[in-house]
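Here's the structure we're looking at; comments come further down.
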Amino acid sequence: MGHGSYLSSDWDQLRKKRNINGNSTVWDLYQSKEMRAELNPYKVKFRESCDSMDNPASTAIIFGLDVTGSMGYLSEAIARFALNRTMLEIYEKTPVTNPHIMFQAIGDAKTDEAPLQTTQFEADIRIAEQLLNVYFEGHGGGNGGESYLLAWYFAARHTKIDCWEKRREKGFLFTIGDECCHQELTDSEIRRVFGEESADCNAISLYQEAAKKYEIFHIVMKAGAYNMQHSGEQWHGLIGNRAIELSPEDLDVLPEVFVSLMQQARGAGKEQILTQWDGKARDVVKEVLEQVMGDLLKF
């Protein structure tokens with residue numbers, strides 16, 4: 001998958017068709033009442049990001065969104081403005097070539113009916129159409145975490161990406177949520193979600209497996225369960241400086257954060273990254289880069 005290219009005019013048409021506006025709630029945006037078959041990872045062999053005439057140097061990018069009850073505001077923000085602006089910023093700033101986007105909706109493999117939903121990799125407006133077909137289950141288990149490691153499992157074992165297979169350039173995998181990550185994916189959860197046999201997998205081993213072909217980041221939202229679970233601390237212990245803490249008030253500059261993290265991972269220097277932004281975007285990106293690069297950044 002991944003033909004064509006993204007046009008802002010296509011987004012405008014889709015927004016009108018779906019009646020997306022500043023007052024749209026998560027329930028207005030995501031109207032599916034159950035998981036759609038085309039988004040179900042059960043028995044899916046591979047999702048593919050392949051080079052094509054339109055996209056001869058494709059780059060696979062996965063965005064995994066927490067769609068449990070406390071994270072409705074995130075899904076609203078992504079659908080209202082962040083997806084469109086992220087695509088436009090990627091094409092303008094070119095942190096990578098020929099982006100192919102996949103969305104994943106993440107819940108809790110221990111309790112939810114649809115703990116993982118996954119789109120195809122797309123390069124055009126079809127990615128927005130598929131995102132809006134996600135079933136916003138809105139549950140979660142109230143058990144101290146969510147199954148973000150499902151995203152790593154799927155990326156590691158069920159994606160084929162030409163950027164890695166042909167050019168040994170890693171794709172990108174961003175997950176976003178407010179809770180801790182469950183420490184284990186059990187064999188029974190793997191059978192139920194993916195329809196295959198596997199031994200139990202712990203979070204660290206799955207992260208390391210997926211990191212062989214993806215640059216992985218997790219954005220810890222400083223809201224919801226953040227304080228109660230001390231989820232920022234847990235994430236830093238799990239994946240180090242690839243865990244980034246972000247306030248909900250800064251979601252309006254999430255596209256700039258995504259682009260900057262891709263640029264940093266591909267070797268751009270701090271001055272080069274920061275000079276392209278101003279105002280709030282520059283301030284937030286500076287803070288994000290300080291978290292990622294630590295003592296390497298001195299301003």
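Residues are named by chain letter and number: chains run A, B, ... in the order of the structure tokens, numbers start at 1 in each chain, and ligands are numbered from 1 in the order shown.
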### Those of range 18-110 of chain A in DSSP alpha helix (DSSP H), formatted as an MDAnalysis selection string
chainID A and resid 18 26:29 72:77 83:93
Selection from above, C-alpha atoms, as a PDB file, in the first residue's frame, can you write it?
ATOM      1  CA  ARG A  18     -17.772  14.090   7.667  1.00  0.00           C
ATOM      2  CA  VAL A  26     -14.907  12.018  19.830  1.00  0.00           C
ATOM      3  CA  TRP A  27     -18.275  10.316  19.300  1.00  0.00           C
ATOM      4  CA  ASP A  28     -19.046  12.588  16.343  1.00  0.00           C
ATOM      5  CA  LEU A  29     -15.696  11.830  14.762  1.00  0.00           C
ATOM      6  CA  GLY A  72     -10.859  10.980  24.076  1.00  0.00           C
ATOM      7  CA  TYR A  73      -9.361  14.457  23.847  1.00  0.00           C
ATOM      8  CA  LEU A  74      -6.298  13.026  22.090  1.00  0.00           C
ATOM      9  CA  SER A  75      -8.363  11.270  19.415  1.00  0.00           C
ATOM     10  CA  GLU A  76     -10.374  14.463  18.922  1.00  0.00           C
ATOM     11  CA  ALA A  77      -7.203  16.512  18.447  1.00  0.00           C
ATOM     12  CA  LEU A  83      -3.273  14.590  11.167  1.00  0.00           C
ATOM     13  CA  ASN A  84      -3.677  17.196   8.444  1.00  0.00           C
ATOM     14  CA  ARG A  85      -1.006  19.487   9.861  1.00  0.00           C
ATOM     15  CA  THR A  86       1.394  16.608  10.498  1.00  0.00           C
ATOM     16  CA  MET A  87       1.165  15.487   6.880  1.00  0.00           C
ATOM     17  CA  LEU A  88       1.622  19.044   5.606  1.00  0.00           C
ATOM     18  CA  GLU A  89       4.605  19.670   7.892  1.00  0.00           C
ATOM     19  CA  ILE A  90       6.248  16.404   6.811  1.00  0.00           C
ATOM     20  CA  TYR A  91       5.898  17.350   3.154  1.00  0.00           C
ATOM     21  CA  GLU A  92       7.140  20.908   3.797  1.00  0.00           C
ATOM     22  CA  LYS A  93      10.035  20.134   6.155  1.00  0.00           C
TER      23      LYS A  93
END
Residues within 12 Å of Ile125 in chain A, only C-alpha atoms, excluding chain neighbours under 5 positions, as a PDB file with N, CA, C and O atoms, in the first residue's frame:
ATOM      1  N   GLY A   2       0.261   2.419  -0.190  1.00  0.00           N
ATOM      2  CA  GLY A   2       1.005   3.658  -0.103  1.00  0.00           C
ATOM      3  C   GLY A   2       1.223   4.347  -1.430  1.00  0.00           C
ATOM      4  O   GLY A   2       2.306   4.847  -1.701  1.00  0.00           O
ATOM      5  N   HIS A   3       0.201   4.371  -2.298  1.00  0.00           N
ATOM      6  CA  HIS A   3       0.308   5.078  -3.561  1.00  0.00           C
ATOM      7  C   HIS A   3      -0.241   6.495  -3.399  1.00  0.00           C
ATOM      8  O   HIS A   3      -0.943   6.815  -2.454  1.00  0.00           O
ATOM      9  N   GLY A   4       0.085   7.354  -4.370  1.00  0.00           N
ATOM     10  CA  GLY A   4      -0.421   8.720  -4.344  1.00  0.00           C
ATOM     11  C   GLY A   4       0.339   9.606  -3.376  1.00  0.00           C
ATOM     12  O   GLY A   4       1.397   9.256  -2.870  1.00  0.00           O
ATOM     13  N   SER A   5      -0.231  10.769  -3.112  1.00  0.00           N
ATOM     14  CA  SER A   5       0.356  11.703  -2.158  1.00  0.00           C
ATOM     15  C   SER A   5      -0.756  12.479  -1.475  1.00  0.00           C
ATOM     16  O   SER A   5      -1.891  12.508  -1.946  1.00  0.00           O
ATOM     17  N   TYR A   6      -0.419  13.112  -0.379  1.00  0.00           N
ATOM     18  CA  TYR A   6      -1.413  13.786   0.453  1.00  0.00           C
ATOM     19  C   TYR A   6      -1.622  15.217  -0.014  1.00  0.00           C
ATOM     20  O   TYR A   6      -0.657  15.965  -0.218  1.00  0.00           O
ATOM     21  N   LEU A   7      -2.887  15.616  -0.166  1.00  0.00           N
ATOM     22  CA  LEU A   7      -3.240  16.973  -0.562  1.00  0.00           C
ATOM     23  C   LEU A   7      -4.167  17.579   0.491  1.00  0.00           C
ATOM     24  O   LEU A   7      -5.134  16.948   0.913  1.00  0.00           O
ATOM     25  N   SER A   8      -3.888  18.820   0.880  1.00  0.00           N
ATOM     26  CA  SER A   8      -4.727  19.491   1.862  1.00  0.00           C
ATOM     27  C   SER A   8      -6.148  19.673   1.353  1.00  0.00           C
ATOM     28  O   SER A   8      -7.111  19.633   2.126  1.00  0.00           O
ATOM     29  N   SER A   9      -6.301  19.847   0.046  1.00  0.00           N
ATOM     30  CA  SER A   9      -7.644  20.011  -0.516  1.00  0.00           C
ATOM     31  C   SER A   9      -8.485  18.753  -0.323  1.00  0.00           C
ATOM     32  O   SER A   9      -9.708  18.837  -0.117  1.00  0.00           O
ATOM     33  N   ASP A  10      -7.851  17.591  -0.349  1.00  0.00           N
ATOM     34  CA  ASP A  10      -8.579  16.341  -0.100  1.00  0.00           C
ATOM     35  C   ASP A  10      -9.072  16.295   1.345  1.00  0.00           C
ATOM     36  O   ASP A  10     -10.171  15.808   1.625  1.00  0.00           O
ATOM     37  N   TRP A  11      -8.228  16.798   2.260  1.00  0.00           N
ATOM     38  CA  TRP A  11      -8.645  16.853   3.658  1.00  0.00           C
ATOM     39  C   TRP A  11      -9.839  17.793   3.827  1.00  0.00           C
ATOM     40  O   TRP A  11     -10.786  17.482   4.558  1.00  0.00           O
ATOM     41  N   ASP A  12      -9.802  18.927   3.170  1.00  0.00           N
ATOM     42  CA  ASP A  12     -10.922  19.867   3.266  1.00  0.00           C
ATOM     43  C   ASP A  12     -12.224  19.222   2.797  1.00  0.00           C
ATOM     44  O   ASP A  12     -13.282  19.406   3.412  1.00  0.00           O
ATOM     45  N   GLN A  13     -12.150  18.459   1.720  1.00  0.00           N
ATOM     46  CA  GLN A  13     -13.346  17.785   1.212  1.00  0.00           C
ATOM     47  C   GLN A  13     -13.831  16.725   2.192  1.00  0.00           C
ATOM     48  O   GLN A  13     -15.042  16.598   2.431  1.00  0.00           O
ATOM     49  N   LEU A  14     -12.900  15.956   2.765  1.00  0.00           N
ATOM     50  CA  LEU A  14     -13.293  14.934   3.725  1.00  0.00           C
ATOM     51  C   LEU A  14     -13.885  15.555   4.980  1.00  0.00           C
ATOM     52  O   LEU A  14     -14.872  15.054   5.531  1.00  0.00           O
ATOM     53  N   ARG A  15     -13.304  16.659   5.422  1.00  0.00           N
ATOM     54  CA  ARG A  15     -13.809  17.340   6.621  1.00  0.00           C
ATOM     55  C   ARG A  15     -15.243  17.809   6.407  1.00  0.00           C
ATOM     56  O   ARG A  15     -16.094  17.666   7.294  1.00  0.00           O
ATOM     57  N   LEU A  83      -3.628  15.426  12.315  1.00  0.00           N
ATOM     58  CA  LEU A  83      -3.273  14.590  11.167  1.00  0.00           C
ATOM     59  C   LEU A  83      -2.971  15.451   9.949  1.00  0.00           C
ATOM     60  O   LEU A  83      -1.922  15.299   9.308  1.00  0.00           O
ATOM     61  N   ASN A  84      -3.875  16.355   9.617  1.00  0.00           N
ATOM     62  CA  ASN A  84      -3.677  17.196   8.444  1.00  0.00           C
ATOM     63  C   ASN A  84      -2.400  18.012   8.561  1.00  0.00           C
ATOM     64  O   ASN A  84      -1.574  18.045   7.635  1.00  0.00           O
ATOM     65  N   MET A  87       0.842  15.841   8.255  1.00  0.00           N
ATOM     66  CA  MET A  87       1.165  15.487   6.880  1.00  0.00           C
ATOM     67  C   MET A  87       1.746  16.689   6.126  1.00  0.00           C
ATOM     68  O   MET A  87       2.750  16.565   5.406  1.00  0.00           O
ATOM     69  N   LEU A  88       1.134  17.861   6.309  1.00  0.00           N
ATOM     70  CA  LEU A  88       1.622  19.044   5.606  1.00  0.00           C
ATOM     71  C   LEU A  88       3.024  19.433   6.073  1.00  0.00           C
ATOM     72  O   LEU A  88       3.882  19.814   5.257  1.00  0.00           O
ATOM     73  N   HIS A 100       4.675   7.111   4.404  1.00  0.00           N
ATOM     74  CA  HIS A 100       3.554   6.176   4.407  1.00  0.00           C
ATOM     75  C   HIS A 100       3.074   6.045   5.845  1.00  0.00           C
ATOM     76  O   HIS A 100       3.829   5.594   6.712  1.00  0.00           O
ATOM     77  N   ILE A 101       1.824   6.420   6.101  1.00  0.00           N
ATOM     78  CA  ILE A 101       1.308   6.511   7.465  1.00  0.00           C
ATOM     79  C   ILE A 101       0.388   5.333   7.787  1.00  0.00           C
ATOM     80  O   ILE A 101      -0.479   4.978   6.991  1.00  0.00           O
ATOM     81  N   MET A 102       0.584   4.765   8.952  1.00  0.00           N
ATOM     82  CA  MET A 102      -0.345   3.797   9.535  1.00  0.00           C
ATOM     83  C   MET A 102      -0.817   4.334  10.877  1.00  0.00           C
ATOM     84  O   MET A 102      -0.023   4.893  11.648  1.00  0.00           O
ATOM     85  N   GLN A 130      -9.449   6.034   6.878  1.00  0.00           N
ATOM     86  CA  GLN A 130      -9.330   4.843   7.712  1.00  0.00           C
ATOM     87  C   GLN A 130      -9.283   5.194   9.196  1.00  0.00           C
ATOM     88  O   GLN A 130      -9.867   4.496  10.023  1.00  0.00           O
ATOM     89  N   LEU A 131      -8.588   6.284   9.523  1.00  0.00           N
ATOM     90  CA  LEU A 131      -8.544   6.708  10.927  1.00  0.00           C
ATOM     91  C   LEU A 131      -9.945   6.958  11.463  1.00  0.00           C
ATOM     92  O   LEU A 131     -10.290   6.531  12.569  1.00  0.00           O
ATOM     93  N   LEU A 132     -10.771   7.621  10.689  1.00  0.00           N
ATOM     94  CA  LEU A 132     -12.119   7.958  11.150  1.00  0.00           C
ATOM     95  C   LEU A 132     -13.032   6.738  11.214  1.00  0.00           C
ATOM     96  O   LEU A 132     -14.130   6.825  11.782  1.00  0.00           O
TER      97      LEU A 132
END
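Neighbouring residues of Val257 in chain A at 8 Å or closer, counting only C-alpha atoms and skipping chain neighbours under 4 positions away, are Val253, Leu261, Val284, Val285 and Val288 of chain A.
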#### Entry: Interatomic distance (Å, one decimal) between CA of Arg80 in chain A and CA of Phe172 in chain A
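CA of Phe172 in chain A lies at a distance of 22.4 Å from CA of Arg80 in chain A.
In this model, the gap between CA of Leu173 in chain A and CA of His236 in chain A comes to 16.6 Å.
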### Task
Determine the nearest neighbour of Phe121 in chain A from the options A:Glu169, A:Glu48, A:Glu179, A:Glu137, counting only C-alpha atoms.
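Under the stated criterion, the closest residue is A:Glu48.
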### Task
Have a look at A:Lys280, A:Lys33, A:Lys213, A:His139 and name the one nearest to Lys160 in chain A; count only C-alpha atoms.
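Ranked by minimum distance to Lys160 in chain A, first place goes to A:Lys213.
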Range 103-200 of chain A near range 51-63 of chain A within 6 Å: what's each residue's closest atom pair and its distance in Å to one decimal, counting only C-alpha atoms, ordered by chain then ascending residue number, as CSV?
residue,atom,partner,partner_atom,distance
A:Phe103,CA,A:Phe63,CA,4.9
A:Cys163,CA,A:Thr59,CA,5.4
A:Gly171,CA,A:Ala60,CA,4.7
A:Phe172,CA,A:Ile61,CA,4.7
A:Leu173,CA,A:Ile62,CA,4.6
A:Phe174,CA,A:Phe63,CA,4.9
A:Thr175,CA,A:Phe63,CA,5.9
### Task
Quick one: pick out all strand (DSSP E) residues within range 45-276 of chain A from a backbone DSSP run and write them as a ChimeraX atom specification.
/A:47-49,59-66,99-106,116-118,159-161,171-177,184-185,201-202,214-221,243-246
### Summary
Expressed in Å, the length from CA of Asp112 in chain A to CA of Lys45 in chain A is 22.2 Å
Could you give me, as an mmCIF file with N, CA, C and O atoms, in the first residue's frame, the residues within 12 Å of range 266-268 of chain A, counting only C-alpha atoms and dropping anything in the same chain fewer than 4 positions from it?
data_model
loop_
_atom_site.group_PDB
_atom_site.id
_atom_site.type_symbol
_atom_site.label_atom_id
_atom_site.label_comp_id
_atom_site.auth_asym_id
_atom_site.auth_seq_id
_atom_site.Cartn_x
_atom_site.Cartn_y
_atom_site.Cartn_z
ATOM 1 N N LYS A 93 8.730 20.183 5.496
ATOM 2 C CA LYS A 93 10.035 20.134 6.155
ATOM 3 C C LYS A 93 10.867 18.932 5.719
ATOM 4 O O LYS A 93 12.074 18.889 5.988
ATOM 5 N N THR A 94 10.258 17.953 5.115
ATOM 6 C CA THR A 94 10.910 16.733 4.612
ATOM 7 C C THR A 94 11.892 16.098 5.601
ATOM 8 O O THR A 94 13.067 15.909 5.273
ATOM 9 N N PRO A 95 11.442 15.777 6.814
ATOM 10 C CA PRO A 95 12.328 15.039 7.712
ATOM 11 C C PRO A 95 12.615 13.640 7.196
ATOM 12 O O PRO A 95 13.647 13.038 7.536
ATOM 13 N N VAL A 96 11.694 13.113 6.372
ATOM 14 C CA VAL A 96 11.859 11.820 5.723
ATOM 15 C C VAL A 96 11.316 11.934 4.304
ATOM 16 O O VAL A 96 10.618 12.901 3.965
ATOM 17 N N THR A 97 11.601 10.938 3.496
ATOM 18 C CA THR A 97 11.088 10.927 2.127
ATOM 19 C C THR A 97 9.818 10.094 2.050
ATOM 20 O O THR A 97 9.665 9.089 2.733
ATOM 21 N N GLU A 169 17.091 1.933 6.262
ATOM 22 C CA GLU A 169 16.668 3.136 6.968
ATOM 23 C C GLU A 169 15.447 2.770 7.805
ATOM 24 O O GLU A 169 14.452 2.247 7.287
ATOM 25 N N LYS A 170 15.495 3.060 9.085
ATOM 26 C CA LYS A 170 14.407 2.681 9.967
ATOM 27 C C LYS A 170 13.160 3.520 9.702
ATOM 28 O O LYS A 170 13.241 4.690 9.321
ATOM 29 N N GLY A 171 12.004 2.888 9.921
ATOM 30 C CA GLY A 171 10.753 3.630 9.976
ATOM 31 C C GLY A 171 10.604 4.287 11.333
ATOM 32 O O GLY A 171 11.542 4.286 12.154
ATOM 33 N N PHE A 172 9.422 4.846 11.586
ATOM 34 C CA PHE A 172 9.153 5.521 12.855
ATOM 35 C C PHE A 172 7.880 4.966 13.463
ATOM 36 O O PHE A 172 6.897 4.707 12.763
ATOM 37 N N TYR A 214 12.514 0.136 13.498
ATOM 38 C CA TYR A 214 11.774 1.378 13.730
ATOM 39 C C TYR A 214 12.483 2.230 14.775
ATOM 40 O O TYR A 214 13.001 1.705 15.776
ATOM 41 N N GLU A 215 12.495 3.551 14.549
ATOM 42 C CA GLU A 215 12.823 4.506 15.606
ATOM 43 C C GLU A 215 11.560 4.665 16.448
ATOM 44 O O GLU A 215 10.522 5.105 15.943
ATOM 45 N N VAL A 259 7.645 16.013 13.680
ATOM 46 C CA VAL A 259 8.639 16.339 12.663
ATOM 47 C C VAL A 259 10.017 16.499 13.288
ATOM 48 O O VAL A 259 11.026 15.995 12.761
ATOM 49 N N SER A 260 10.095 17.188 14.420
ATOM 50 C CA SER A 260 11.381 17.439 15.063
ATOM 51 C C SER A 260 12.027 16.150 15.543
ATOM 52 O O SER A 260 13.254 15.969 15.447
ATOM 53 N N LEU A 261 11.227 15.231 16.080
ATOM 54 C CA LEU A 261 11.774 13.953 16.530
ATOM 55 C C LEU A 261 12.302 13.133 15.354
ATOM 56 O O LEU A 261 13.344 12.471 15.464
ATOM 57 N N MET A 262 11.611 13.188 14.235
ATOM 58 C CA MET A 262 12.118 12.480 13.054
ATOM 59 C C MET A 262 13.421 13.102 12.570
ATOM 60 O O MET A 262 14.377 12.398 12.208
ATOM 61 N N GLN A 272 19.550 23.497 13.853
ATOM 62 C CA GLN A 272 18.832 23.287 12.601
ATOM 63 C C GLN A 272 17.358 23.011 12.853
ATOM 64 O O GLN A 272 16.483 23.504 12.139
ATOM 65 N N ILE A 273 17.063 22.214 13.889
ATOM 66 C CA ILE A 273 15.679 21.877 14.198
ATOM 67 C C ILE A 273 14.933 23.091 14.734
ATOM 68 O O ILE A 273 13.825 23.407 14.301
ATOM 69 N N LEU A 274 15.533 23.789 15.678
ATOM 70 C CA LEU A 274 14.825 24.870 16.359
ATOM 71 C C LEU A 274 14.619 26.105 15.498
ATOM 72 O O LEU A 274 13.618 26.813 15.659
ATOM 73 N N THR A 275 15.529 26.366 14.567
ATOM 74 C CA THR A 275 15.396 27.592 13.782
ATOM 75 C C THR A 275 14.199 27.561 12.843
ATOM 76 O O THR A 275 13.776 28.625 12.352
ATOM 77 N N GLN A 276 13.626 26.397 12.574
ATOM 78 C CA GLN A 276 12.478 26.336 11.668
ATOM 79 C C GLN A 276 11.155 26.644 12.376
ATOM 80 O O GLN A 276 10.126 26.812 11.720
ATOM 81 N N LEU A 289 13.254 18.193 22.887
ATOM 82 C CA LEU A 289 14.618 17.812 22.535
ATOM 83 C C LEU A 289 15.501 17.687 23.766
ATOM 84 O O LEU A 289 16.400 16.834 23.816
ATOM 85 N N MET A 293 17.561 14.397 24.250
ATOM 86 C CA MET A 293 19.009 14.489 24.117
ATOM 87 C C MET A 293 19.717 14.766 25.432
ATOM 88 O O MET A 293 20.943 14.706 25.507
#
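Closest approach to Asp252 in chain A among A:Ala155, A:Ala281, A:Gln117, A:Lys16: A:Ala281, based on only C-alpha atoms.
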### Message
I'd like the neighbourhood of Glu197 in chain A as a list in words, where a residue qualifies if any of its atoms comes within 8 Å (using only C-alpha atoms), though same-chain residues fewer than 6 positions away should be ignored.
### Response
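So, after excluding close chain neighbours, the residues are Asp187, Ile190 and Arg191 of chain A.
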Give me a file of those residues, with N, CA and C atoms, as a tab-separated table (two decimals), in the first residue's frame.
chain	number	residue	atom	x	y	z
A	187	ASP	N	0.61	-15.42	26.05
A	187	ASP	CA	0.30	-16.25	24.89
A	187	ASP	C	-1.19	-16.23	24.58
A	190	ILE	N	-2.02	-13.00	22.81
A	190	ILE	CA	-1.53	-13.04	21.44
A	190	ILE	C	-2.45	-13.88	20.56
A	191	ARG	N	-2.92	-14.99	21.07
A	191	ARG	CA	-3.86	-15.82	20.30
A	191	ARG	C	-5.16	-15.07	20.05
### Query
A:Asp66, A:Asp178, A:Glu196, A:Glu146: which is nearest Pro41 in chain A, counting only C-alpha atoms?
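Selected residue with least distance to Pro41 in chain A: A:Glu196.
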#### Entry: Non-local contacts of Ile204 in chain A (12 Å; only C-alpha atoms; under 5 positions in same chain excluded) as a list in words
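Contacts, with the query itself left out: Tyr148, Leu149, Trp152, Tyr153, Cys181, His182, Gln183, Glu184, Leu185, Glu209, Ala210, Ala211, Trp235, Gly237, Leu238, Ile239 and Gly240 of chain A.
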### Message
I want to know what sits within 10 Å of Met35 in chain A, based on only C-alpha atoms, with residues of the same chain fewer than 6 positions away left out; could you give that as a list in words?
### Response
Glu113, Ala114, Pro115, Leu116, Gln117, Asn133, Val134, Tyr135, Phe136 and Glu137 of chain A
